[in-house]
Amino acid sequence: MTVQFTINGVKVEAQKGESVIEVARRYGFEIPSLCHHQAVTPYGACRVCLVEIVKGGRKKLTTSCNYEVLDGIEVVTDSEAIHKHRAMVLELILAEAPDAEPVKKLAAQYGVNVSRFERSDTEMAQERHDCIMCGLCVRVCTEIVEVNALAFNGRGYNRGVGGPYLEAPQSCIACGACAWVCPTDCIGFVEEDGMRKVLKWDRELPMEKDENGRPIAPKFQLHYFKEKFGLPADIYKKAPGSR
Amino acid sequence: MEKLNVFASRLLPTEDFVCSGHRACQGCAEVLAMRMVHKELGRNTIAASATGCMEIITSPYPESAWRIPWIHVAFENPASVISGVEAGYKALMRKGRYPKRKINFVGYGGDGATADIGLQFVSGAMERGHDMIYVCYDNEAYMNTGIQRSSATPFGASTTTSPAGKVSIGQQTWKKNVPEIMAAHNIPYVATVSPSYPFDLHRKVRKAADVEGPAYLHVYSACPTGWRMRPELAVQIGRLAVETGVFPLYEVENGKYTITQSVPEFRALRDYLKPQGRFRHLTDDVIDDIEVRLRAEYRRLEAKVRMTHEEEV
């Protein structure tokens, strides 16, 4: 079923169930966002994707990533009010993640170079480092990788992302999807001395080697693949190309 | 970054701007690389194309595989044209006649258009400091016109204008190091990429787009037709090229070198040469000579990495 509405005065068409941000981006309107990814369910954590939506004569500011398209709504993606609110939101995010390049860059576009706010000085804030609690890693781990290694822990200013009780998550296969998707690059993913390490979660796994002695991937991860897809037990012993 | 395949691959952009139906050969890694580059750059992109495979296959009259504004210009000047487009948009935005927004300006050409015919034009665009990306899809010869040698053809490769036979071993000169020439312009970003390492490619394209000023990407593009190899090996040969040290993946950010795909232990060069018919005539002593030179070049690259990282301290 198609839905018709306008974005910045331009008539657009979308499928029912799509979110405003996806339709807007498809038509070439730019909406900044830190916590949205097309592959996972929207979460509305970063609040940077604010837009104005006029519905039934009433105007309201709302996040476009988790707003489903409706017939006859009018969407405005940039105005003075939106600019002001986005700048404020980015200033708050910048206070939590002062070293994250993507955040700095986006904030600078909205005229925010230094945050007036202080970073909370709890132990948890140190632990979080540049994490902005967007939850992308958690969603990817649950929906795409399906191992549920990560979750939010704690409440309020003690909230953080990690394994259960903030210890190294035992079901993590060190696939690195979280490190790839992280908007602030704060997770860290390295391979050295035959070990695969995901730094933020303190997860270290030994690597399996193929017949030529070249590391392929962590043993635990390959075991997970073999179980999940019913692969032969010796498949990863062979070198790529001869499997 | 590269080992995080399987799941992270589902998080890559899904929208294609070089769409299917183009006329590339079976197993063409060049169009694969171009698809990935444009996936990452997204919708707000304007491209200028030199004459070459990627122009021919995407725009046979009256069709087009492009979903973004695209122009084909002469062999030598995509860099000049795209720098003009960039300057034009900049002026319009300054005068308020076009809304201020981030647009990616991409000029691209093959190795012939970049290393031979268009070298001075690319050099000029890089020197003038336009906010643009130049992408060289390097398939190591003029494949489009029938596999003639270019200055980017590697030593020993047999092509139609450097044929191997009784008196010649094929290409007699060493491959021109274009990324190094571009790095010498002191531009903010230079990188070598390969479609066999897709995450590395996506990350580098993003960096090149985000950087203020000119960026240069040198793409290793396997060509099964011209390299005389089986089409299904196109991706694997890209991996072998990195693992044997033929095509190291590195980036130069403001003069600072980083090897992005480190190779702890090189594979034997023969593994790379053997599947390719263009190298089939090479004798063992020639291969050893090539290997010695490749290792020396890699050591020089490593020395640059060390040197430029020390300077910072």
# chains A, B, ... in the order shown; residues from 1 in each chain; ligands from 1
$ closest_atom_pairs --of "chain B" --to "chain A" --cutoff "10 Å" --atoms "only C-alpha atoms" --output "tab-separated table"
residue	atom	partner	partner_atom	distance
B:Met1	CA	A:Phe189	CA	7.1
B:Glu2	CA	A:Gly176	CA	9.7
B:Lys3	CA	A:Ala217	CA	7.3
B:Leu4	CA	A:Gly176	CA	5.2
B:Asn5	CA	A:Cys175	CA	7.4
B:Val6	CA	A:Cys175	CA	7.8
B:Phe7	CA	A:Ala177	CA	5.9
B:Ala8	CA	A:Ala177	CA	4.5
B:Ser9	CA	A:Ala177	CA	8.3
B:Arg10	CA	A:Ala39	CA	7.3
B:Leu11	CA	A:Ala39	CA	6.2
B:Leu12	CA	A:Ala39	CA	8.7
B:Pro13	CA	A:Gln38	CA	8.2
B:Thr14	CA	A:Gln38	CA	8.8
B:Glu15	CA	A:Arg26	CA	9.2
B:Gly42	CA	A:Gly28	CA	9.6
B:Arg43	CA	A:Gly28	CA	6.7
B:Asn44	CA	A:Gly28	CA	7.2
B:Arg101	CA	A:Glu30	CA	8.5
B:Lys102	CA	A:Glu30	CA	9.3
B:Phe199	CA	A:Trp180	CA	8.7
B:Arg203	CA	A:Trp180	CA	9.4
B:Asp210	CA	A:Lys105	CA	9.4
B:Leu233	CA	A:Gly241	CA	8.9
B:Gln236	CA	A:Gly241	CA	7.6
B:Pro264	CA	A:Arg214	CA	9.6
B:Glu265	CA	A:Arg214	CA	9.1
B:Arg267	CA	A:Asn212	CA	9.9
$ residues_around --residues "Asn177 in chain B" --least-positions-apart "5" --cutoff "12 Å" --atoms "only C-alpha atoms" --output "compact mmCIF listing (two decimals) with C-alpha atoms, in the first residue's frame"
# COMPACT_ATOMS: atom_id res chain seq x y z
CA ASP B 111 45.05 3.21 -15.36
CA THR B 114 45.32 8.20 -15.00
CA ALA B 115 48.91 7.06 -15.36
CA ASP B 116 49.48 7.89 -19.04
CA LEU B 119 48.42 12.30 -15.57
CA ASP B 138 43.74 0.07 -12.27
CA GLU B 140 47.01 -2.74 -15.55
CA SER B 151 52.66 2.49 -17.87
CA ALA B 152 50.77 0.72 -15.07
CA THR B 153 51.33 -2.73 -16.60
CA PRO B 154 53.52 -4.77 -14.29
CA MET B 182 49.68 11.63 -5.79
CA ALA B 183 51.02 11.44 -2.24
CA ALA B 184 53.83 13.73 -3.41
CA THR B 192 45.14 2.01 -2.33
CA HIS B 218 43.90 3.67 -6.44
CA VAL B 246 52.21 -7.22 -5.19
CA PHE B 247 49.61 -4.62 -4.22
CA PRO B 248 49.96 -3.50 -0.59
CA GLU B 297 59.52 -1.94 -2.39
CA LEU B 301 56.87 1.37 2.26
$ residues_around --residues "range 82-90 of chain A" --least-positions-apart "5" --cutoff "6 Å" --atoms "only C-alpha atoms" --output "number ranges by chain"
A: 48, 107, 110
$ write_last_selection --atoms "C-alpha atoms" --output "short mmCIF file (atom, residue, chain, number, x, y, z; two decimals), in the first residue's frame"
data_model
loop_
_atom_site.label_atom_id
_atom_site.label_comp_id
_atom_site.auth_asym_id
_atom_site.auth_seq_id
_atom_site.Cartn_x
_atom_site.Cartn_y
_atom_site.Cartn_z
CA VAL A 48 19.63 14.12 15.98
CA ALA A 107 28.37 19.06 15.82
CA TYR A 110 25.63 22.88 13.61
#
$ residues_around --residues "range 59-65 of chain B" --least-positions-apart "4" --cutoff "6 Å" --atoms "only C-alpha atoms" --output "PyMOL selection string"
chain B and resi 18-19+22
$ select_by_dssp --residues "range 140-183 of chain A" --states "alpha helix (DSSP H)" --output "ChimeraX atom specification"
/A:140,177-181
$ write_last_selection --atoms "C-alpha atoms" --output "PDB file, in the first residue's frame"
ATOM      1  CA  VAL A 140      23.027  -5.563  15.611  1.00  0.00           C
ATOM      2  CA  ALA A 177      29.783  -6.286  13.456  1.00  0.00           C
ATOM      3  CA  CYS A 178      29.430  -3.986  16.488  1.00  0.00           C
ATOM      4  CA  ALA A 179      32.803  -2.348  15.783  1.00  0.00           C
ATOM      5  CA  TRP A 180      31.809  -1.780  12.165  1.00  0.00           C
ATOM      6  CA  VAL A 181      28.444  -0.213  12.945  1.00  0.00           C
TER       7      VAL A 181
END
$ select_by_dssp --residues "range 57-290 of chain B" --states "strand (DSSP E)" --output "PDB file with C-alpha atoms, in the first residue's frame"
ATOM      1  CA  TRP B  70      27.296  11.371 -14.780  1.00  0.00           C
ATOM      2  CA  ILE B  71      29.271  12.754 -17.677  1.00  0.00           C
ATOM      3  CA  HIS B  72      31.640  11.119 -20.096  1.00  0.00           C
ATOM      4  CA  ASN B 104      30.724  14.238  -3.524  1.00  0.00           C
ATOM      5  CA  PHE B 105      32.521  15.093  -6.748  1.00  0.00           C
ATOM      6  CA  VAL B 106      34.095  12.024  -8.273  1.00  0.00           C
ATOM      7  CA  GLY B 107      36.338  11.856 -11.289  1.00  0.00           C
ATOM      8  CA  TYR B 108      37.456   8.454 -12.381  1.00  0.00           C
ATOM      9  CA  GLY B 109      39.451   6.765 -15.081  1.00  0.00           C
ATOM     10  CA  GLY B 110      41.330   3.605 -15.756  1.00  0.00           C
ATOM     11  CA  ILE B 133      37.833  12.450  -5.161  1.00  0.00           C
ATOM     12  CA  TYR B 134      39.768  10.972  -8.023  1.00  0.00           C
ATOM     13  CA  VAL B 135      39.451   7.219  -8.402  1.00  0.00           C
ATOM     14  CA  CYS B 136      41.791   5.216 -10.591  1.00  0.00           C
ATOM     15  CA  TYR B 137      40.469   1.788 -11.507  1.00  0.00           C
ATOM     16  CA  ASP B 138      43.735   0.065 -12.274  1.00  0.00           C
ATOM     17  CA  TYR B 189      44.157  11.599   1.514  1.00  0.00           C
ATOM     18  CA  VAL B 190      45.658   8.938  -0.736  1.00  0.00           C
ATOM     19  CA  ALA B 191      44.800   5.260  -0.464  1.00  0.00           C
ATOM     20  CA  THR B 192      45.144   2.015  -2.329  1.00  0.00           C
ATOM     21  CA  VAL B 193      42.066  -0.209  -2.181  1.00  0.00           C
ATOM     22  CA  ALA B 215      41.531  12.657  -2.258  1.00  0.00           C
ATOM     23  CA  TYR B 216      42.945   9.956  -4.467  1.00  0.00           C
ATOM     24  CA  LEU B 217      41.984   6.273  -4.489  1.00  0.00           C
ATOM     25  CA  HIS B 218      43.900   3.673  -6.439  1.00  0.00           C
ATOM     26  CA  VAL B 219      41.706   0.619  -6.982  1.00  0.00           C
ATOM     27  CA  TYR B 220      43.172  -2.762  -7.830  1.00  0.00           C
ATOM     28  CA  TYR B 250      47.910   1.438   2.558  1.00  0.00           C
ATOM     29  CA  GLU B 251      46.705   4.968   3.086  1.00  0.00           C
ATOM     30  CA  VAL B 252      48.432   8.318   3.364  1.00  0.00           C
ATOM     31  CA  GLU B 253      46.651  10.813   5.563  1.00  0.00           C
ATOM     32  CA  LYS B 256      51.273   9.982   7.293  1.00  0.00           C
ATOM     33  CA  TYR B 257      51.568   6.437   5.918  1.00  0.00           C
ATOM     34  CA  THR B 258      49.631   3.517   7.385  1.00  0.00           C
ATOM     35  CA  ILE B 259      49.517  -0.045   6.112  1.00  0.00           C
TER      36      ILE B 259
END
$ residues_around --residues "range 28-32 of chain B" --least-positions-apart "6" --cutoff "6 Å" --atoms "only C-alpha atoms" --output "ChimeraX atom specification"
/B:221-223
$ atom_distance --atom1 "CA of Arg139 in chain A" --atom2 "CA of Leu41 in chain B"
24.6 Å
$ atom_distance --atom1 "CA of Gln170 in chain A" --atom2 "CA of Asp193 in chain A"
20.9 Å
$ residues_around --residues "Pro32 in chain A" --least-positions-apart "5" --cutoff "9 Å" --atoms "only C-alpha atoms" --output "number ranges by chain"
A: 48-50, 106
$ atom_distance --atom1 "CA of Thr184 in chain A" --atom2 "CA of His309 in chain B"
23.6 Å
